[in-house]
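Trainee: Structure provided below as structure tokens; questions to follow.
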Number of protein chains: 2
Amino acid sequence: MSHTTTEHLIQALNWRYATKHFDAAKKIPADVWAALEKTLVLTPTSYGLQPYKFFVVENPAKRTELFAHSWHQKQVVEASHFVVFTARTEMKEADVDKFIQRAVEVRKLPVDALNRYREVIVRDVVHGGRGTHGWTTQQTYIALGNLMTAAALIGVDASPLEGIVPAEYDKILNLKNSGYATVVACALGYRSADDKYAGMAKIRYETNELVHYI
Amino acid sequence: MSHTTTEHLIQALNWRYATKHFDAAKKIPADVWAALEKTLVLTPTSYGLQPYKFFVVENPAKRTELFAHSWHQKQVVEASHFVVFTARTEMKEADVDKFIQRAVEVRKLPVDALNRYREVIVRDVVHGGRGTHGWTTQQTYIALGNLMTAAALIGVDASPLEGIVPAEYDKILNLKNSGYATVVACALGYRSADDKYAGMAKIRYETNELVHYI
């Protein structure tokens with residue numbers, strides 16, 4: 001298999017920035033969006049549990065409602081695509097059962113082949129105190145990182161949005177009693193030619209400040 | 001700028017898997033590692049605060065020490081590179097000051113140009129209750145997602161490791177009183193030809209189970 005060159009990877013990561021002003025007229029083509037949707041689905045998670053759901057808000061009225069709880073960030077209404085990341089509020093045995101059932105199905109295994117593995121996950125995640133909303137949120141942030149990097153590589157602009165009111169998003173998305181709650185959002189599309197942030201130098205600490213060799 | 005094709009992106013994401021058995025003899029070349037190091041540094045974070053440090057453990061004795069607290073996962077000692085992700089234990093005004101100082105320096109701004117922005121961040125992150133270790137951990141998971149996706153695209157194998165004992169890692173890495181604490185790790189290198197996990201079907205839920213359109 002061929003690979004992306006390291007030069008291209010770094011170019012793409014330097015090209016991306018938290019887009020503030022999207023060109024509302026430029027939509028992500030269907031085949032490109034299909035790849036980004038697939039990117040979300042392929043996100044790696046702990047044990048592969050995928051404790052999240054992604055809501056792609058297409059309805060303009062819903063977008064306007066969400067905008068009211070998004071710290072005036074216009075990306076919510078201007079971007080081609082707007083994804084709300086929600087995470088499982090708590091992991092239960094049923095979540096593990098669902099996953100094990102899927103694993104057995106995908107890998108064509110005997111129905112009880114993963115019983116011991118199921119017990120390991122249940123003990124660790126359900127009864128071991130890990131399967132909190134905090135932990136499912138962390139898994140969801142892997143998806144966010146994966147999506148932003150993938151978007152940059154294929155030339156799609158993105159803006160992550162933590163500045164949202166999750167409780168209001170939950171109401172608008174009808175998440176009450178769904179077992180999922182909003183954690184973060186990401187707007188995707190194409191930068192407007194007049195977004196002054198595009199040309200600003202990226203603020204990162206020096207490498208030797210962030211990366212230590214032992 | 002040229003971009004990665006969507007086909008290549010999806011191929012790379014399907015090619016990757018949580019590598020269980022690395023070829024201990026195959027090292028990541030220096031130029032490739034330099035790109036992955038740069039990838040970590042370029043990770044996007046909330047406000048750009050970068051509330052983390054990455055420890056690349058090269059010393060074999062240290063790797064062996066860490067292995068003892070890693071649920072018997074041999075990747076810790078077999079992989080070419082082993083990165084421990086640590087997150088700020090708590091965000092303080094000094095963290096915001098450090099960031100603002102860096103921003104002023106990188107963007108060549110007057111020293112007080114970002115005073116108002118500083119106040120916004122301090123109010124939200126330091127006094128608004130967001131700047132906890134839980135939140136810095138989330139930011140760190142963006143880096144993890146970014147790194148795993150970038151590695152896949154340039155043909156480097158990776159294995160994220162949550163199955164570690166953070167408190168023991170903290171001791172081995174001398175993090176006590178450093179203001180940073182271990183959250184997760186990632187082994188990188190090249191899969192061994194006999195890693196049976198490489199050929200297994202990837203377990204993901206159906207797209208319509210994970211992605212909803214509104």
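Naming scheme: A, B, ... for chains in displayed order of the structure tokens; residues 1 onward per chain; ligands 1 onward as shown.
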Counting only C-alpha atoms, which residues of chain A fall within 6 Å of chain B, and what is the closest atom pair for each with its distance in Å at one decimal, ordered by chain and rising number, as CSV?
Mentor:
```
residue,atom,partner,partner_atom,distance
A:His3,CA,B:Ile154,CA,5.0
A:Thr4,CA,B:Ile154,CA,5.0
A:Thr6,CA,B:Ala35,CA,5.8
A:Ala35,CA,B:Thr6,CA,5.8
A:Lys53,CA,B:Leu210,CA,4.8
A:Phe54,CA,B:Val211,CA,4.8
A:Phe55,CA,B:His212,CA,4.8
A:Val56,CA,B:Tyr213,CA,4.8
A:Val57,CA,B:Ile214,CA,4.9
A:Glu58,CA,B:Ile214,CA,5.7
A:Ala103,CA,B:Ile203,CA,5.6
A:Arg107,CA,B:Ala201,CA,6.0
A:Gln138,CA,B:Gln138,CA,5.1
A:Tyr141,CA,B:Ile142,CA,5.4
A:Ile142,CA,B:Gly145,CA,4.3
A:Gly145,CA,B:Ile142,CA,4.3
A:Asn146,CA,B:Gly145,CA,4.8
A:Thr149,CA,B:Asn146,CA,5.8
A:Leu153,CA,B:Thr4,CA,5.5
A:Ile154,CA,B:Thr4,CA,5.0
A:Gly155,CA,B:His3,CA,5.8
A:Ala201,CA,B:Arg107,CA,6.0
A:Ile203,CA,B:Ala103,CA,5.7
A:Leu210,CA,B:Lys53,CA,4.7
A:Val211,CA,B:Phe54,CA,4.8
A:His212,CA,B:Phe55,CA,4.8
A:Tyr213,CA,B:Val56,CA,4.9
A:Ile214,CA,B:Val57,CA,4.9
```
Trainee: Run DSSP on the backbone and tell me which residues of segment 83-133 of chain B come out as strand (DSSP E or B); list them as a list in words.
Mentor: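 Checking each residue of segment 83-133 of chain B, the strand (DSSP E or B) ones are Val83, Val84, Phe85, Thr86, Ala87 and Arg88 of chain B.
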Trainee: Selection from above, N, CA and C atoms, as a compact mmCIF listing (two decimals), in the first residue's frame, can you write it?
Mentor:
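Saved as again14.txt:
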```
# COMPACT_ATOMS: atom_id res chain seq x y z
N VAL B 83 5.30 6.39 23.57
CA VAL B 83 4.97 7.74 24.02
C VAL B 83 3.99 7.69 25.19
N VAL B 84 4.33 8.36 26.26
CA VAL B 84 3.40 8.48 27.39
C VAL B 84 2.80 9.89 27.34
N PHE B 85 1.48 9.94 27.30
CA PHE B 85 0.77 11.21 27.24
C PHE B 85 0.44 11.65 28.66
N THR B 86 0.89 12.81 29.04
CA THR B 86 0.56 13.32 30.37
C THR B 86 -0.21 14.63 30.21
N ALA B 87 -1.11 14.87 31.15
CA ALA B 87 -1.94 16.08 31.07
C ALA B 87 -1.76 16.91 32.33
N ARG B 88 -1.89 18.20 32.17
CA ARG B 88 -1.80 19.14 33.29
C ARG B 88 -2.83 18.73 34.35
```
Trainee: Can you pull out every residue within 9 Å of Lys74 of chain B, counting only C-alpha atoms, but drop anything in the same chain fewer than 3 positions away, and send it as a PDB file with N, CA and C atoms, in the first residue's frame?
Mentor:
```pdb
ATOM      1  N   LYS B  20      -0.647  -5.501  18.335  1.00  0.00           N
ATOM      2  CA  LYS B  20      -0.349  -6.212  19.593  1.00  0.00           C
ATOM      3  C   LYS B  20       1.106  -6.659  19.630  1.00  0.00           C
ATOM      4  N   HIS B  21       1.637  -6.985  18.458  1.00  0.00           N
ATOM      5  CA  HIS B  21       2.993  -7.529  18.402  1.00  0.00           C
ATOM      6  C   HIS B  21       3.816  -6.747  17.375  1.00  0.00           C
ATOM      7  N   PHE B  22       4.745  -5.961  17.892  1.00  0.00           N
ATOM      8  CA  PHE B  22       5.613  -5.175  17.019  1.00  0.00           C
ATOM      9  C   PHE B  22       6.869  -5.966  16.690  1.00  0.00           C
ATOM     10  N   PHE B  67       6.681  -1.475  31.700  1.00  0.00           N
ATOM     11  CA  PHE B  67       6.027  -2.723  31.290  1.00  0.00           C
ATOM     12  C   PHE B  67       5.396  -3.447  32.483  1.00  0.00           C
ATOM     13  N   SER B  70       1.742  -2.351  32.992  1.00  0.00           N
ATOM     14  CA  SER B  70       1.041  -2.168  31.712  1.00  0.00           C
ATOM     15  C   SER B  70       0.255  -3.404  31.297  1.00  0.00           C
ATOM     16  N   TRP B  71      -0.293  -4.095  32.286  1.00  0.00           N
ATOM     17  CA  TRP B  71      -1.157  -5.229  32.013  1.00  0.00           C
ATOM     18  C   TRP B  71      -0.531  -6.227  31.030  1.00  0.00           C
ATOM     19  N   VAL B  77       7.614  -2.682  25.469  1.00  0.00           N
ATOM     20  CA  VAL B  77       9.053  -2.937  25.289  1.00  0.00           C
ATOM     21  C   VAL B  77       9.428  -3.273  23.845  1.00  0.00           C
ATOM     22  N   GLU B  78       8.467  -3.733  23.052  1.00  0.00           N
ATOM     23  CA  GLU B  78       8.799  -4.179  21.690  1.00  0.00           C
ATOM     24  C   GLU B  78       8.721  -3.088  20.624  1.00  0.00           C
ATOM     25  N   ALA B  79       7.889  -2.099  20.840  1.00  0.00           N
ATOM     26  CA  ALA B  79       7.680  -1.092  19.791  1.00  0.00           C
ATOM     27  C   ALA B  79       8.901  -0.203  19.615  1.00  0.00           C
TER      28      ALA B  79
END
```
Trainee: When DSSP is applied to the backbone of this structure, which of segment 49-198 of chain A are assigned helix (DSSP H, G or I)? Write them out as a PyMOL selection string.
Mentor: chain A and resi 60-67+75-78+93-106+115-126+133-153+166-172+196-198
Trainee: List the spatial neighbours of Tyr190 of chain B as number ranges by chain - criterion: any atom at most 8 Å away, only C-alpha atoms, same-chain residues fewer than 2 positions off excluded.
Mentor: B: 22-23, 26-28, 79-80, 156-158, 188, 192
Trainee: Save the residues we just selected, C-alpha atoms, as a PDB file, in the first residue's frame?
Mentor:
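Printed below is out-v1.pdb as written:
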```
ATOM      1  CA  PHE B  22       5.613  -5.175  17.019  1.00  0.00           C
ATOM      2  CA  ASP B  23       8.748  -6.204  15.172  1.00  0.00           C
ATOM      3  CA  LYS B  26      12.298  -2.454  12.958  1.00  0.00           C
ATOM      4  CA  LYS B  27      12.876   1.118  14.043  1.00  0.00           C
ATOM      5  CA  ILE B  28      10.995   4.163  12.790  1.00  0.00           C
ATOM      6  CA  ALA B  79       7.680  -1.092  19.791  1.00  0.00           C
ATOM      7  CA  SER B  80      10.168   1.226  18.141  1.00  0.00           C
ATOM      8  CA  VAL B 156       3.464   3.520  10.822  1.00  0.00           C
ATOM      9  CA  ASP B 157       1.703   1.073  13.120  1.00  0.00           C
ATOM     10  CA  ALA B 158       0.367   2.199  16.451  1.00  0.00           C
ATOM     11  CA  LEU B 188       4.511   3.038  17.550  1.00  0.00           C
ATOM     12  CA  SER B 192       5.444  -8.171  13.385  1.00  0.00           C
TER      13      SER B 192
END
```
Trainee: What is the atom CA of Gln75 of chain B to atom CA of Ala113 of chain A distance in Å?
Mentor: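 Computing it gives 24.9 Å between the two atoms.
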Trainee: Just to confirm, what's the straight-line distance from atom CA of Lys196 of chain A to atom CA of Thr19 of chain A in Å (one decimal)?
Mentor: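 Pair atom CA of Lys196 of chain A / atom CA of Thr19 of chain A returns 9.5 Å.
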Trainee: Considering only C-alpha atoms, return as a ChimeraX atom specification whatever protein or nucleic-acid residues lie within 8 Å of segment 164-166 of chain B, sequence-local ones (same chain, fewer than 5 positions apart) excluded.
Mentor: /B:69-71,181-185
Trainee: Could you tell me how far atom CA of Ala187 of chain B sits from atom CA of Thr89 of chain B, in Å to one decimal place?
Mentor: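 Pair atom CA of Thr89 of chain B / atom CA of Ala187 of chain B returns 23.2 Å.
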